[in-house]
Amino acid sequence: MSLTTKDASKKAITVEPISNMSNARDIMIRHNISRVIVVSNNVPVGMVTEKGIASYLFKNSKEPLDAISISRAMRTPVVTVNGDASINKCAEMMINNNISSLVASDGTSLNILTKSDLVRLYSEHYRKKYTVSDFMTKDVFTVLPSHSLRTALLLMIKNQISRVVVVTQGDEIVGIITSRDIMPITSFIEGDGIESKDLLGIGYIMLARDIMNKPLIIDRNTDLAEAAQIMYDKRISGIPVASSRNDLNGIITKTDIVRALIELNN
């Protein structure tokens, strides 16, 4: 099956290098996306993700968001492909470069191909190839409901992950916290002169149970394509894997499904 970038990519949402973090954050929330491409004269010069903004604010910021240049959280260089690149090549590039998106350029317009796009392709074209257990990640980062939000943030930043699972002392799944859940908290420091020490304070006071969402849970024997379909339809990037008693076995993520695409085409 010869699928290419053109089969899955979509028009990129872009900002100029003179933009500030407040503008980038608002665009992401408004469009329900997790990244924007920074362009200069229609040339991609960087990328800003919601995880990058959250990480920057937590560690460095002493200014309101509208006073912080987007370049401070911008990742460079941007990895690009042409519109005819195979999906297999794109999947390998994402895994090898530890990134979640590629910019596709045809010289006149910019498109973006994300892990979510690859997940959709997997769900549509590769039914009954693998089960969740074949590719799930068994080592999962967890917190207790009574852990501080700051603990969850530090886990995500230190381990460069986008989610932590909230479990009881008995390892029963009760919630999940993602980088997207944390994004609205940055509104506390926007435009009012509140500094990062206040965000740190919020992180100490708020607990995991205050911000966690009730997660979907999937069985390890589920068709991987079904898991991919759920992720794409629900716009989520990871699903805890558990037995019928909700005991945590692992987690299946978009990255795991991208790895499955590579295996299918090798």
# chains A, B, ... in the order shown; residues from 1 in each chain; ligands from 1
>>> residues_around(residues="Phe141 (chain A)", least_positions_apart="2", cutoff="8 Å", atoms="only C-alpha atoms", output="list in words")
Asp139, Val143, Leu155, Val164 and Val165 of chain A
>>> write_last_selection(atoms="N, CA and C atoms", output="PDB file, in the first residue's frame")
ATOM      1  N   ASP A 139       6.097   0.426  30.803  1.00  0.00           N
ATOM      2  CA  ASP A 139       6.559   1.300  31.891  1.00  0.00           C
ATOM      3  C   ASP A 139       5.824   2.631  31.805  1.00  0.00           C
ATOM      4  N   VAL A 143       1.178   9.066  39.088  1.00  0.00           N
ATOM      5  CA  VAL A 143       1.113   9.844  40.326  1.00  0.00           C
ATOM      6  C   VAL A 143      -0.131   9.410  41.080  1.00  0.00           C
ATOM      7  N   LEU A 155       7.444  15.448  36.407  1.00  0.00           N
ATOM      8  CA  LEU A 155       7.569  14.147  35.752  1.00  0.00           C
ATOM      9  C   LEU A 155       7.522  14.297  34.239  1.00  0.00           C
ATOM     10  N   VAL A 164       0.685  11.740  32.370  1.00  0.00           N
ATOM     11  CA  VAL A 164       0.904  10.832  33.492  1.00  0.00           C
ATOM     12  C   VAL A 164      -0.446  10.240  33.872  1.00  0.00           C
ATOM     13  N   VAL A 165      -0.429   8.996  34.314  1.00  0.00           N
ATOM     14  CA  VAL A 165      -1.649   8.322  34.736  1.00  0.00           C
ATOM     15  C   VAL A 165      -1.785   8.462  36.247  1.00  0.00           C
TER      16      VAL A 165
END
>>> residues_around(residues="Lys6 (chain A)", least_positions_apart="4", cutoff="9 Å", atoms="only C-alpha atoms", output="ChimeraX atom specification")
/A:10,82-85,104,113
>>> residues_around(residues="Ser109 (chain A)", least_positions_apart="5", cutoff="9 Å", atoms="only C-alpha atoms", output="VMD selection string")
chain A and resid 11 to 12 42 104
>>> closest_residue(among="A:Leu264, A:Val81, A:Ala225, A:Ile239", to="Thr131 (chain A)", atoms="only C-alpha atoms")
A:Ala225
>>> closest_residue(among="A:Ser123, A:Thr114, A:Asn20, A:Ser55", to="Gln160 (chain A)", atoms="only C-alpha atoms")
A:Ser55
>>> closest_residue(among="A:Lys128, A:Arg209, A:Arg220, A:Lys115", to="Val258 (chain A)", atoms="only C-alpha atoms")
A:Lys115
>>> select_by_dssp(residues="region 69-206 of chain A", states="helix (DSSP H, G or I)", output="count of residues only")
61
>>> closest_residue(among="A:Arg75, A:Lys234, A:His31, A:Lys214", to="Gly46 (chain A)", atoms="only C-alpha atoms")
A:Arg75
>>> residues_around(residues="Arg127 (chain A)", least_positions_apart="6", cutoff="12 Å", atoms="only C-alpha atoms", output="VMD selection string")
chain A and resid 120 to 121 222 to 229 260 to 261 264
>>> residues_around(residues="Arg35 (chain A)", least_positions_apart="4", cutoff="12 Å", atoms="only C-alpha atoms", output="JSON, numbers by chain")
{"A": [12, 13, 14, 15, 21, 24, 25, 26, 27, 28, 29, 30, 31, 46, 47, 48, 49, 50, 51, 52, 53, 73, 74, 75, 99, 100, 101, 102, 103, 112, 113, 114, 115, 180]}
>>> write_last_selection(atoms="N, CA, C and O atoms", output="short mmCIF file (atom, residue, chain, number, x, y, z; two decimals), in the first residue's frame")
data_model
loop_
_atom_site.label_atom_id
_atom_site.label_comp_id
_atom_site.auth_asym_id
_atom_site.auth_seq_id
_atom_site.Cartn_x
_atom_site.Cartn_y
_atom_site.Cartn_z
N ALA A 12 -0.87 23.94 7.37
CA ALA A 12 -0.28 24.29 8.65
C ALA A 12 -0.82 25.63 9.16
O ALA A 12 -1.07 26.55 8.38
N ILE A 13 -0.99 25.73 10.47
CA ILE A 13 -1.30 26.99 11.13
C ILE A 13 0.03 27.64 11.49
O ILE A 13 0.87 27.02 12.15
N THR A 14 0.24 28.87 11.05
CA THR A 14 1.55 29.51 11.21
C THR A 14 1.47 30.82 11.99
O THR A 14 0.41 31.44 12.08
N VAL A 15 2.62 31.22 12.52
CA VAL A 15 2.78 32.52 13.17
C VAL A 15 4.11 33.11 12.72
O VAL A 15 4.99 32.39 12.25
N MET A 21 4.23 34.53 23.15
CA MET A 21 3.70 33.26 23.63
C MET A 21 2.20 33.31 23.87
O MET A 21 1.50 32.32 23.71
N ALA A 24 0.56 32.64 20.55
CA ALA A 24 0.69 31.23 20.15
C ALA A 24 -0.23 30.35 20.99
O ALA A 24 -0.90 29.46 20.45
N ARG A 25 -0.28 30.60 22.27
CA ARG A 25 -1.14 29.81 23.16
C ARG A 25 -2.60 29.95 22.76
O ARG A 25 -3.35 28.97 22.70
N ASP A 26 -3.03 31.18 22.49
CA ASP A 26 -4.43 31.43 22.13
C ASP A 26 -4.79 30.74 20.81
O ASP A 26 -5.90 30.22 20.65
N ILE A 27 -3.87 30.76 19.85
CA ILE A 27 -4.11 30.11 18.56
C ILE A 27 -4.29 28.61 18.75
O ILE A 27 -5.19 27.99 18.16
N MET A 28 -3.43 28.01 19.57
CA MET A 28 -3.52 26.57 19.81
C MET A 28 -4.86 26.20 20.44
O MET A 28 -5.51 25.22 20.05
N ILE A 29 -5.27 26.97 21.43
CA ILE A 29 -6.53 26.69 22.11
C ILE A 29 -7.71 26.91 21.16
O ILE A 29 -8.64 26.09 21.10
N ARG A 30 -7.66 27.99 20.38
CA ARG A 30 -8.77 28.31 19.47
C ARG A 30 -8.94 27.25 18.39
O ARG A 30 -10.07 26.88 18.03
N HIS A 31 -7.83 26.75 17.86
CA HIS A 31 -7.89 25.76 16.78
C HIS A 31 -7.83 24.32 17.29
O HIS A 31 -7.87 23.39 16.49
N GLY A 46 10.91 27.43 12.63
CA GLY A 46 10.80 26.83 13.95
C GLY A 46 9.41 26.31 14.20
O GLY A 46 8.50 26.47 13.37
N MET A 47 9.24 25.68 15.34
CA MET A 47 7.94 25.14 15.74
C MET A 47 7.76 25.37 17.23
O MET A 47 8.71 25.24 18.01
N VAL A 48 6.55 25.73 17.61
CA VAL A 48 6.23 25.91 19.03
C VAL A 48 5.10 24.96 19.38
O VAL A 48 4.08 24.92 18.69
N THR A 49 5.30 24.18 20.45
CA THR A 49 4.29 23.23 20.89
C THR A 49 3.75 23.65 22.25
O THR A 49 4.40 24.40 23.00
N GLU A 50 2.56 23.13 22.59
CA GLU A 50 1.99 23.45 23.89
C GLU A 50 2.88 22.91 25.00
O GLU A 50 3.03 23.54 26.05
N LYS A 51 3.50 21.74 24.77
CA LYS A 51 4.40 21.19 25.77
C LYS A 51 5.62 22.08 25.95
O LYS A 51 6.10 22.28 27.08
N GLY A 52 6.11 22.65 24.85
CA GLY A 52 7.26 23.55 24.93
C GLY A 52 6.95 24.82 25.70
O GLY A 52 7.77 25.30 26.50
N ILE A 53 5.75 25.37 25.50
CA ILE A 53 5.35 26.57 26.23
C ILE A 53 5.21 26.26 27.72
O ILE A 53 5.71 27.01 28.58
N ALA A 73 10.61 29.69 23.21
CA ALA A 73 10.10 28.32 23.34
C ALA A 73 10.10 27.60 22.00
O ALA A 73 9.59 26.50 21.89
N MET A 74 10.68 28.24 20.99
CA MET A 74 10.65 27.70 19.63
C MET A 74 11.70 26.60 19.46
O MET A 74 12.85 26.75 19.88
N ARG A 75 11.29 25.50 18.84
CA ARG A 75 12.22 24.42 18.56
C ARG A 75 12.73 24.54 17.13
O ARG A 75 11.96 24.75 16.20
N ILE A 99 10.24 13.36 17.32
CA ILE A 99 9.35 14.48 17.09
C ILE A 99 7.95 13.96 16.75
O ILE A 99 7.77 12.78 16.45
N SER A 100 6.98 14.86 16.81
CA SER A 100 5.58 14.47 16.60
C SER A 100 4.99 15.02 15.32
O SER A 100 3.79 14.83 15.06
N SER A 101 5.79 15.72 14.53
CA SER A 101 5.24 16.28 13.30
C SER A 101 6.36 16.60 12.31
O SER A 101 7.52 16.78 12.69
N LEU A 102 5.98 16.66 11.05
CA LEU A 102 6.87 17.06 9.96
C LEU A 102 6.18 18.14 9.16
O LEU A 102 4.95 18.16 9.03
N VAL A 103 6.96 19.03 8.60
CA VAL A 103 6.42 20.07 7.72
C VAL A 103 6.64 19.64 6.28
O VAL A 103 7.76 19.28 5.90
N ILE A 112 1.31 20.31 7.26
CA ILE A 112 1.90 19.64 8.41
C ILE A 112 1.36 18.23 8.49
O ILE A 112 0.18 17.96 8.23
N LEU A 113 2.25 17.30 8.81
CA LEU A 113 1.89 15.90 9.01
C LEU A 113 2.23 15.56 10.45
O LEU A 113 3.37 15.70 10.88
N THR A 114 1.23 15.14 11.22
CA THR A 114 1.43 14.85 12.63
C THR A 114 1.25 13.37 12.92
O THR A 114 0.76 12.60 12.08
N LYS A 115 1.62 12.99 14.13
CA LYS A 115 1.38 11.62 14.55
C LYS A 115 -0.11 11.28 14.49
O LYS A 115 -0.50 10.16 14.17
N ARG A 180 -1.94 19.11 27.63
CA ARG A 180 -3.04 19.99 27.19
C ARG A 180 -3.92 20.40 28.37
O ARG A 180 -4.45 21.51 28.40
#
>>> atom_distance(atom1="CA of Ser19 (chain A)", atom2="CA of Leu153 (chain A)")
25.5 Å
>>> atom_distance(atom1="CA of Ser34 (chain A)", atom2="CA of Ser179 (chain A)")
9.4 Å
>>> decode(residues="region 19-35 of chain A", atoms="all heavy atoms", output="PDB file, in the first residue's frame")
ATOM      1  N   SER A  19       5.785  37.104  16.884  1.00  0.00           N
ATOM      2  CA  SER A  19       4.666  36.765  17.769  1.00  0.00           C
ATOM      3  C   SER A  19       5.155  36.510  19.185  1.00  0.00           C
ATOM      4  O   SER A  19       6.332  36.230  19.422  1.00  0.00           O
ATOM      5  CB  SER A  19       3.943  35.521  17.250  1.00  0.00           C
ATOM      6  OG  SER A  19       3.378  35.743  15.988  1.00  0.00           O
ATOM      7  N   ASN A  20       4.224  36.586  20.141  1.00  0.00           N
ATOM      8  CA  ASN A  20       4.559  36.288  21.527  1.00  0.00           C
ATOM      9  C   ASN A  20       3.864  34.996  21.973  1.00  0.00           C
ATOM     10  O   ASN A  20       3.026  34.441  21.268  1.00  0.00           O
ATOM     11  CB  ASN A  20       4.198  37.454  22.445  1.00  0.00           C
ATOM     12  CG  ASN A  20       2.724  37.817  22.362  1.00  0.00           C
ATOM     13  OD1 ASN A  20       1.855  36.982  22.597  1.00  0.00           O
ATOM     14  ND2 ASN A  20       2.437  39.078  22.016  1.00  0.00           N
ATOM     15  N   MET A  21       4.229  34.528  23.151  1.00  0.00           N
ATOM     16  CA  MET A  21       3.700  33.255  23.632  1.00  0.00           C
ATOM     17  C   MET A  21       2.196  33.312  23.875  1.00  0.00           C
ATOM     18  O   MET A  21       1.499  32.317  23.708  1.00  0.00           O
ATOM     19  CB  MET A  21       4.422  32.828  24.908  1.00  0.00           C
ATOM     20  CG  MET A  21       5.779  32.219  24.675  1.00  0.00           C
ATOM     21  SD  MET A  21       6.298  31.259  26.101  1.00  0.00           S
ATOM     22  CE  MET A  21       8.053  31.143  25.766  1.00  0.00           C
ATOM     23  N   SER A  22       1.708  34.454  24.286  1.00  0.00           N
ATOM     24  CA  SER A  22       0.275  34.602  24.508  1.00  0.00           C
ATOM     25  C   SER A  22      -0.483  34.360  23.208  1.00  0.00           C
ATOM     26  O   SER A  22      -1.504  33.648  23.180  1.00  0.00           O
ATOM     27  CB  SER A  22      -0.043  35.998  25.050  1.00  0.00           C
ATOM     28  OG  SER A  22      -1.430  36.174  25.203  1.00  0.00           O
ATOM     29  N   ASN A  23       0.024  34.924  22.119  1.00  0.00           N
ATOM     30  CA  ASN A  23      -0.620  34.752  20.818  1.00  0.00           C
ATOM     31  C   ASN A  23      -0.592  33.282  20.386  1.00  0.00           C
ATOM     32  O   ASN A  23      -1.603  32.722  19.930  1.00  0.00           O
ATOM     33  CB  ASN A  23       0.102  35.627  19.786  1.00  0.00           C
ATOM     34  CG  ASN A  23      -0.539  35.540  18.414  1.00  0.00           C
ATOM     35  OD1 ASN A  23      -1.755  35.546  18.284  1.00  0.00           O
ATOM     36  ND2 ASN A  23       0.283  35.477  17.379  1.00  0.00           N
ATOM     37  N   ALA A  24       0.563  32.641  20.545  1.00  0.00           N
ATOM     38  CA  ALA A  24       0.691  31.233  20.152  1.00  0.00           C
ATOM     39  C   ALA A  24      -0.228  30.348  20.985  1.00  0.00           C
ATOM     40  O   ALA A  24      -0.904  29.456  20.447  1.00  0.00           O
ATOM     41  CB  ALA A  24       2.140  30.777  20.309  1.00  0.00           C
ATOM     42  N   ARG A  25      -0.281  30.597  22.274  1.00  0.00           N
ATOM     43  CA  ARG A  25      -1.143  29.812  23.160  1.00  0.00           C
ATOM     44  C   ARG A  25      -2.604  29.952  22.764  1.00  0.00           C
ATOM     45  O   ARG A  25      -3.354  28.972  22.697  1.00  0.00           O
ATOM     46  CB  ARG A  25      -0.933  30.260  24.600  1.00  0.00           C
ATOM     47  CG  ARG A  25      -1.942  29.726  25.590  1.00  0.00           C
ATOM     48  CD  ARG A  25      -1.773  30.404  26.950  1.00  0.00           C
ATOM     49  NE  ARG A  25      -2.893  30.076  27.810  1.00  0.00           N
ATOM     50  CZ  ARG A  25      -4.040  30.734  27.835  1.00  0.00           C
ATOM     51  NH1 ARG A  25      -4.239  31.744  27.008  1.00  0.00           N
ATOM     52  NH2 ARG A  25      -5.000  30.374  28.669  1.00  0.00           N
ATOM     53  N   ASP A  26      -3.031  31.185  22.494  1.00  0.00           N
ATOM     54  CA  ASP A  26      -4.429  31.427  22.127  1.00  0.00           C
ATOM     55  C   ASP A  26      -4.792  30.744  20.810  1.00  0.00           C
ATOM     56  O   ASP A  26      -5.902  30.217  20.651  1.00  0.00           O
ATOM     57  CB  ASP A  26      -4.691  32.930  22.022  1.00  0.00           C
ATOM     58  CG  ASP A  26      -4.654  33.623  23.377  1.00  0.00           C
ATOM     59  OD1 ASP A  26      -4.673  32.915  24.402  1.00  0.00           O
ATOM     60  OD2 ASP A  26      -4.594  34.872  23.402  1.00  0.00           O
ATOM     61  N   ILE A  27      -3.868  30.757  19.853  1.00  0.00           N
ATOM     62  CA  ILE A  27      -4.115  30.110  18.560  1.00  0.00           C
ATOM     63  C   ILE A  27      -4.286  28.606  18.746  1.00  0.00           C
ATOM     64  O   ILE A  27      -5.187  27.988  18.164  1.00  0.00           O
ATOM     65  CB  ILE A  27      -2.963  30.412  17.573  1.00  0.00           C
ATOM     66  CG1 ILE A  27      -3.022  31.878  17.134  1.00  0.00           C
ATOM     67  CG2 ILE A  27      -3.033  29.492  16.356  1.00  0.00           C
ATOM     68  CD1 ILE A  27      -1.834  32.315  16.308  1.00  0.00           C
ATOM     69  N   MET A  28      -3.426  28.005  19.571  1.00  0.00           N
ATOM     70  CA  MET A  28      -3.523  26.569  19.811  1.00  0.00           C
ATOM     71  C   MET A  28      -4.860  26.205  20.443  1.00  0.00           C
ATOM     72  O   MET A  28      -5.513  25.223  20.048  1.00  0.00           O
ATOM     73  CB  MET A  28      -2.374  26.105  20.705  1.00  0.00           C
ATOM     74  CG  MET A  28      -1.018  26.095  20.045  1.00  0.00           C
ATOM     75  SD  MET A  28       0.232  25.414  21.177  1.00  0.00           S
ATOM     76  CE  MET A  28       1.680  26.295  20.614  1.00  0.00           C
ATOM     77  N   ILE A  29      -5.268  26.970  21.432  1.00  0.00           N
ATOM     78  CA  ILE A  29      -6.529  26.689  22.108  1.00  0.00           C
ATOM     79  C   ILE A  29      -7.707  26.905  21.160  1.00  0.00           C
ATOM     80  O   ILE A  29      -8.636  26.093  21.100  1.00  0.00           O
ATOM     81  CB  ILE A  29      -6.670  27.557  23.376  1.00  0.00           C
ATOM     82  CG1 ILE A  29      -5.629  27.128  24.421  1.00  0.00           C
ATOM     83  CG2 ILE A  29      -8.083  27.451  23.953  1.00  0.00           C
ATOM     84  CD1 ILE A  29      -5.568  28.010  25.644  1.00  0.00           C
ATOM     85  N   ARG A  30      -7.661  27.987  20.377  1.00  0.00           N
ATOM     86  CA  ARG A  30      -8.769  28.313  19.469  1.00  0.00           C
ATOM     87  C   ARG A  30      -8.941  27.254  18.389  1.00  0.00           C
ATOM     88  O   ARG A  30     -10.065  26.882  18.030  1.00  0.00           O
ATOM     89  CB  ARG A  30      -8.531  29.683  18.837  1.00  0.00           C
ATOM     90  CG  ARG A  30      -9.673  30.148  17.946  1.00  0.00           C
ATOM     91  CD  ARG A  30      -9.572  31.617  17.619  1.00  0.00           C
ATOM     92  NE  ARG A  30      -8.415  31.961  16.827  1.00  0.00           N
ATOM     93  CZ  ARG A  30      -7.375  32.647  17.263  1.00  0.00           C
ATOM     94  NH1 ARG A  30      -7.325  33.069  18.526  1.00  0.00           N
ATOM     95  NH2 ARG A  30      -6.357  32.932  16.468  1.00  0.00           N
ATOM     96  N   HIS A  31      -7.827  26.749  17.860  1.00  0.00           N
ATOM     97  CA  HIS A  31      -7.893  25.765  16.782  1.00  0.00           C
ATOM     98  C   HIS A  31      -7.833  24.322  17.294  1.00  0.00           C
ATOM     99  O   HIS A  31      -7.873  23.391  16.494  1.00  0.00           O
ATOM    100  CB  HIS A  31      -6.756  25.995  15.788  1.00  0.00           C
ATOM    101  CG  HIS A  31      -6.893  27.249  14.984  1.00  0.00           C
ATOM    102  ND1 HIS A  31      -7.665  27.316  13.834  1.00  0.00           N
ATOM    103  CD2 HIS A  31      -6.364  28.494  15.157  1.00  0.00           C
ATOM    104  CE1 HIS A  31      -7.603  28.545  13.341  1.00  0.00           C
ATOM    105  NE2 HIS A  31      -6.819  29.271  14.125  1.00  0.00           N
ATOM    106  N   ASN A  32      -7.721  24.175  18.610  1.00  0.00           N
ATOM    107  CA  ASN A  32      -7.624  22.850  19.218  1.00  0.00           C
ATOM    108  C   ASN A  32      -6.483  22.057  18.605  1.00  0.00           C
ATOM    109  O   ASN A  32      -6.648  20.898  18.182  1.00  0.00           O
ATOM    110  CB  ASN A  32      -8.949  22.089  19.087  1.00  0.00           C
ATOM    111  CG  ASN A  32      -9.018  20.893  20.022  1.00  0.00           C
ATOM    112  OD1 ASN A  32      -8.307  20.827  21.018  1.00  0.00           O
ATOM    113  ND2 ASN A  32      -9.872  19.940  19.695  1.00  0.00           N
ATOM    114  N   ILE A  33      -5.319  22.680  18.548  1.00  0.00           N
ATOM    115  CA  ILE A  33      -4.122  22.039  18.016  1.00  0.00           C
ATOM    116  C   ILE A  33      -3.026  22.116  19.063  1.00  0.00           C
ATOM    117  O   ILE A  33      -3.127  22.864  20.048  1.00  0.00           O
ATOM    118  CB  ILE A  33      -3.643  22.705  16.700  1.00  0.00           C
ATOM    119  CG1 ILE A  33      -3.395  24.204  16.918  1.00  0.00           C
ATOM    120  CG2 ILE A  33      -4.657  22.465  15.587  1.00  0.00           C
ATOM    121  CD1 ILE A  33      -2.853  24.924  15.692  1.00  0.00           C
ATOM    122  N   SER A  34      -1.973  21.351  18.863  1.00  0.00           N
ATOM    123  CA  SER A  34      -0.908  21.284  19.866  1.00  0.00           C
ATOM    124  C   SER A  34       0.395  21.919  19.413  1.00  0.00           C
ATOM    125  O   SER A  34       1.373  21.917  20.152  1.00  0.00           O
ATOM    126  CB  SER A  34      -0.641  19.821  20.243  1.00  0.00           C
ATOM    127  OG  SER A  34      -0.248  19.081  19.115  1.00  0.00           O
ATOM    128  N   ARG A  35       0.401  22.503  18.177  1.00  0.00           N
ATOM    129  CA  ARG A  35       1.640  23.115  17.695  1.00  0.00           C
ATOM    130  C   ARG A  35       1.333  24.130  16.597  1.00  0.00           C
ATOM    131  O   ARG A  35       0.316  24.014  15.895  1.00  0.00           O
ATOM    132  CB  ARG A  35       2.594  22.043  17.164  1.00  0.00           C
ATOM    133  CG  ARG A  35       2.144  21.384  15.870  1.00  0.00           C
ATOM    134  CD  ARG A  35       2.766  20.022  15.691  1.00  0.00           C
ATOM    135  NE  ARG A  35       2.221  19.102  16.655  1.00  0.00           N
ATOM    136  CZ  ARG A  35       2.943  18.435  17.569  1.00  0.00           C
ATOM    137  NH1 ARG A  35       4.253  18.582  17.608  1.00  0.00           N
ATOM    138  NH2 ARG A  35       2.367  17.626  18.429  1.00  0.00           N
TER     139      ARG A  35
END
